[in-house]
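Asker: Sharing a structure here in structure tokens format.
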Amino acid sequence: MYHTPPMAETSRTGRSTLRERTRAAMREEVSGIAFRLFAEQGFDKTTVEQIAAEAGLSRTTFFRYFGTKEELVLGKMSEFGPQIAAALAARPAEERSWEALRRSFDVITEPTADEPQPFLNLMRLLNDACALMTRQWEKTQGWHSLLVPEITRRLAGDPKSTSDLRAHALVGSAISCLDAATDAWTAVGGAIPLSELLDQAMGVLVEPAA
């Protein structure tokens, strides 16, 4: 029986990876063009047709990369959830849940320390467009389902359970603190590090002893 040589399998894998990289590069390019247009004329006044034309794409091709105009702005928010959940799961087992949640948010705060402008632009866009703020809220609320099981486990509960009120309260409070810190950081134009503001917000609350 004939078997495909290993080299052919490697080649197929390589082509797949190339396609993924090409798609990611195109998404990045279109996002850059969109954010420039949003800054120049506002989110609501910028059309999909304008973005596609600037990127040299047809409207149909644009929708192959982004399902909606809103997705251009909110795509990063979708990525943060799994990244925060992974960071939380990697925290030391003996660490208190509240501290573990704070450190998991480093996924967001650390990049802003080195290059604050992209995230500032994102938050300003969210603040300027009510529809985007609503969608952003929905996405951050979606983080609950990703973070609650790990916090439940740390509290010696059943990670498969969705009814541990302690875990829900801790996760909800941590996300609210992050929202408050981000709003304050945006208001001062990034003059105060986001990590410092988040420490202040989360420092107001203390996790009760087990």
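Residues are named by chain letter and number: chains run A, B, ... in the order of the structure tokens, numbers start at 1 in each chain, and ligands are numbered from 1 in the order shown.
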Residues near A:Thr152, anyone? I mean within 12 Å using only C-alpha atoms, not counting same-chain ones fewer than 3 positions away, as a PyMOL selection string.
Answerer: chain A and resi 89+96-98+144-149+155-171
Asker: Write out as a PyMOL selection string the residues lying within 8 Å of stretch 103-113 of chain A, counting only C-alpha atoms and excluding same-chain residues fewer than 2 positions away.
Answerer: chain A and resi 80+83-85+87-88+91+99-101+115-117+119+193-195
Asker: Next, write the just-selected residues to a file, as a compact mmCIF listing (two decimals), in the first residue's frame, keeping N, CA and C atoms as the atom set.
Answerer:
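The resulting file, selection.txt, is reproduced below:
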```txt
# COMPACT_ATOMS: atom_id res chain seq x y z
N PHE A 80 -8.79 38.68 24.60
CA PHE A 80 -8.35 38.84 25.98
C PHE A 80 -8.91 37.76 26.90
N GLN A 83 -6.93 34.54 26.97
CA GLN A 83 -5.58 34.85 27.45
C GLN A 83 -5.57 35.04 28.97
N ILE A 84 -6.57 35.75 29.48
CA ILE A 84 -6.68 35.96 30.93
C ILE A 84 -6.93 34.64 31.64
N ALA A 85 -7.81 33.82 31.05
CA ALA A 85 -8.11 32.52 31.66
C ALA A 85 -6.86 31.64 31.73
N ALA A 87 -3.73 32.71 31.81
CA ALA A 87 -2.84 33.30 32.79
C ALA A 87 -3.28 32.96 34.22
N LEU A 88 -4.60 32.96 34.42
CA LEU A 88 -5.15 32.63 35.74
C LEU A 88 -4.83 31.18 36.11
N ARG A 91 -1.28 30.59 37.42
CA ARG A 91 -0.82 31.19 38.68
C ARG A 91 -0.56 30.11 39.73
N GLU A 99 -5.64 37.73 44.39
CA GLU A 99 -4.32 38.07 43.86
C GLU A 99 -4.10 37.40 42.51
N ALA A 100 -4.56 36.16 42.37
CA ALA A 100 -4.41 35.44 41.11
C ALA A 100 -5.18 36.17 40.00
N LEU A 101 -6.37 36.65 40.31
CA LEU A 101 -7.14 37.41 39.33
C LEU A 101 -6.40 38.70 38.94
N GLU A 115 3.42 50.28 25.28
CA GLU A 115 2.84 50.96 24.11
C GLU A 115 1.37 51.27 24.39
N PRO A 116 1.10 52.35 25.13
CA PRO A 116 -0.27 52.62 25.56
C PRO A 116 -1.22 53.09 24.46
N GLN A 117 -0.69 53.71 23.40
CA GLN A 117 -1.56 54.39 22.43
C GLN A 117 -2.58 53.48 21.75
N PHE A 119 -4.14 50.81 22.79
CA PHE A 119 -5.24 50.47 23.69
C PHE A 119 -6.04 51.72 24.07
N PRO A 193 -0.06 54.83 34.94
CA PRO A 193 -0.06 53.46 34.42
C PRO A 193 -1.35 52.71 34.77
N LEU A 194 -1.87 51.97 33.82
CA LEU A 194 -3.09 51.20 34.05
C LEU A 194 -2.90 50.21 35.19
N SER A 195 -1.71 49.62 35.30
CA SER A 195 -1.45 48.65 36.37
C SER A 195 -1.60 49.30 37.74
```
Asker: Residues near A:Ala184, anyone? I mean within 8 Å using only C-alpha atoms, not counting same-chain ones fewer than 4 positions away, as a CSV table (one decimal) with N, CA and C atoms, in the first residue's frame.
Answerer:
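Final output, saved to part03.csv:
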```csv
chain,number,residue,atom,x,y,z
A,180,ALA,N,-13.3,49.9,35.9
A,180,ALA,CA,-13.2,51.2,36.6
A,180,ALA,C,-11.8,51.8,36.3
A,188,VAL,N,-7.4,60.0,31.8
A,188,VAL,CA,-6.1,60.8,32.0
A,188,VAL,C,-5.2,60.6,30.8
A,197,LEU,N,-3.5,52.0,38.5
A,197,LEU,CA,-4.9,52.3,38.7
A,197,LEU,C,-5.6,51.0,39.1
```
Asker: Nearest residue to A:Met77 out of A:Glu138, A:Asp114, A:Glu49, A:Glu29, using only C-alpha atoms?
Answerer: A:Glu138
Asker: Between A:Leu125, A:Leu57, A:Leu74, A:Met202, which one has atoms that come closest to A:Thr140, using only C-alpha atoms?
Answerer: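 Of all the options, A:Leu74 lies closest to A:Thr140.
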Asker: When distances are computed from only C-alpha atoms, which of A:Leu120, A:Ile33, A:Ile151, A:Ala86 shows the smallest separation from A:Ala191?
Answerer: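 Nearest to A:Ala191: A:Leu120.
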Asker: Select from stretch 127-186 of chain A everything DSSP, run on the backbone, classes as helix (DSSP H, G or I), then give the selection as a PyMOL selection string.
Answerer: chain A and resi 127-128+130-154+165-186
Asker: Next, the residues of the selection above should be written as an mmCIF file, in the first residue's frame with C-alpha atoms.
Answerer:
```cif
data_model
loop_
_atom_site.group_PDB
_atom_site.id
_atom_site.type_symbol
_atom_site.label_atom_id
_atom_site.label_comp_id
_atom_site.auth_asym_id
_atom_site.auth_seq_id
_atom_site.Cartn_x
_atom_site.Cartn_y
_atom_site.Cartn_z
ATOM 1 C CA ASN A 127 -16.478 55.351 24.693
ATOM 2 C CA ASP A 128 -17.514 57.318 21.607
ATOM 3 C CA CYS A 130 -22.717 53.500 22.366
ATOM 4 C CA ALA A 131 -23.239 50.364 20.284
ATOM 5 C CA LEU A 132 -19.604 49.425 20.792
ATOM 6 C CA MET A 133 -19.812 49.997 24.537
ATOM 7 C CA THR A 134 -22.758 47.624 24.719
ATOM 8 C CA ARG A 135 -20.920 44.953 22.734
ATOM 9 C CA GLN A 136 -17.785 45.441 24.833
ATOM 10 C CA TRP A 137 -19.803 44.953 28.007
ATOM 11 C CA GLU A 138 -21.230 41.733 26.586
ATOM 12 C CA LYS A 139 -17.744 40.466 25.788
ATOM 13 C CA THR A 140 -16.275 41.256 29.204
ATOM 14 C CA GLN A 141 -19.279 39.634 30.837
ATOM 15 C CA GLY A 142 -18.486 36.595 28.719
ATOM 16 C CA TRP A 143 -15.183 36.337 30.574
ATOM 17 C CA HIS A 144 -17.139 35.149 33.620
ATOM 18 C CA SER A 145 -17.723 31.706 32.174
ATOM 19 C CA LEU A 146 -13.990 31.380 31.466
ATOM 20 C CA LEU A 147 -12.748 32.522 34.868
ATOM 21 C CA VAL A 148 -15.332 31.195 37.330
ATOM 22 C CA PRO A 149 -14.368 27.484 37.018
ATOM 23 C CA GLU A 150 -10.731 28.192 37.933
ATOM 24 C CA ILE A 151 -11.682 30.400 40.876
ATOM 25 C CA THR A 152 -14.174 27.758 42.026
ATOM 26 C CA ARG A 153 -11.363 25.183 41.937
ATOM 27 C CA ARG A 154 -9.085 27.466 43.939
ATOM 28 C CA LEU A 165 -21.529 32.400 44.571
ATOM 29 C CA ARG A 166 -18.092 33.128 46.018
ATOM 30 C CA ALA A 167 -16.433 32.539 42.645
ATOM 31 C CA HIS A 168 -19.024 34.591 40.776
ATOM 32 C CA ALA A 169 -18.662 37.449 43.252
ATOM 33 C CA LEU A 170 -14.864 37.475 43.043
ATOM 34 C CA VAL A 171 -14.764 37.320 39.244
ATOM 35 C CA GLY A 172 -17.518 39.915 38.821
ATOM 36 C CA SER A 173 -15.824 42.271 41.277
ATOM 37 C CA ALA A 174 -12.429 41.861 39.605
ATOM 38 C CA ILE A 175 -13.849 42.635 36.163
ATOM 39 C CA SER A 176 -15.662 45.689 37.577
ATOM 40 C CA CYS A 177 -12.374 46.891 39.072
ATOM 41 C CA LEU A 178 -10.684 46.443 35.714
ATOM 42 C CA ASP A 179 -13.457 48.433 34.021
ATOM 43 C CA ALA A 180 -13.153 51.240 36.584
ATOM 44 C CA ALA A 181 -9.372 51.361 36.257
ATOM 45 C CA THR A 182 -9.566 51.371 32.461
ATOM 46 C CA ASP A 183 -12.084 54.225 32.477
ATOM 47 C CA ALA A 184 -9.822 56.263 34.789
ATOM 48 C CA TRP A 185 -6.754 55.456 32.693
ATOM 49 C CA THR A 186 -8.511 56.552 29.501
#
```
Asker: Interatomic distance between atom CA of A:Arg124 and atom CA of A:Arg59?
Answerer: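 If I compute the distance from atom CA of A:Arg124 to atom CA of A:Arg59, I get 26.2 Å.
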Asker: Report, in Å to a single decimal, how far apart atom CA of A:Gly81 and atom CA of A:Ala201 are.
Answerer: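 Computing the Euclidean distance for atom CA of A:Ala201 and atom CA of A:Gly81 yields 20.0 Å.
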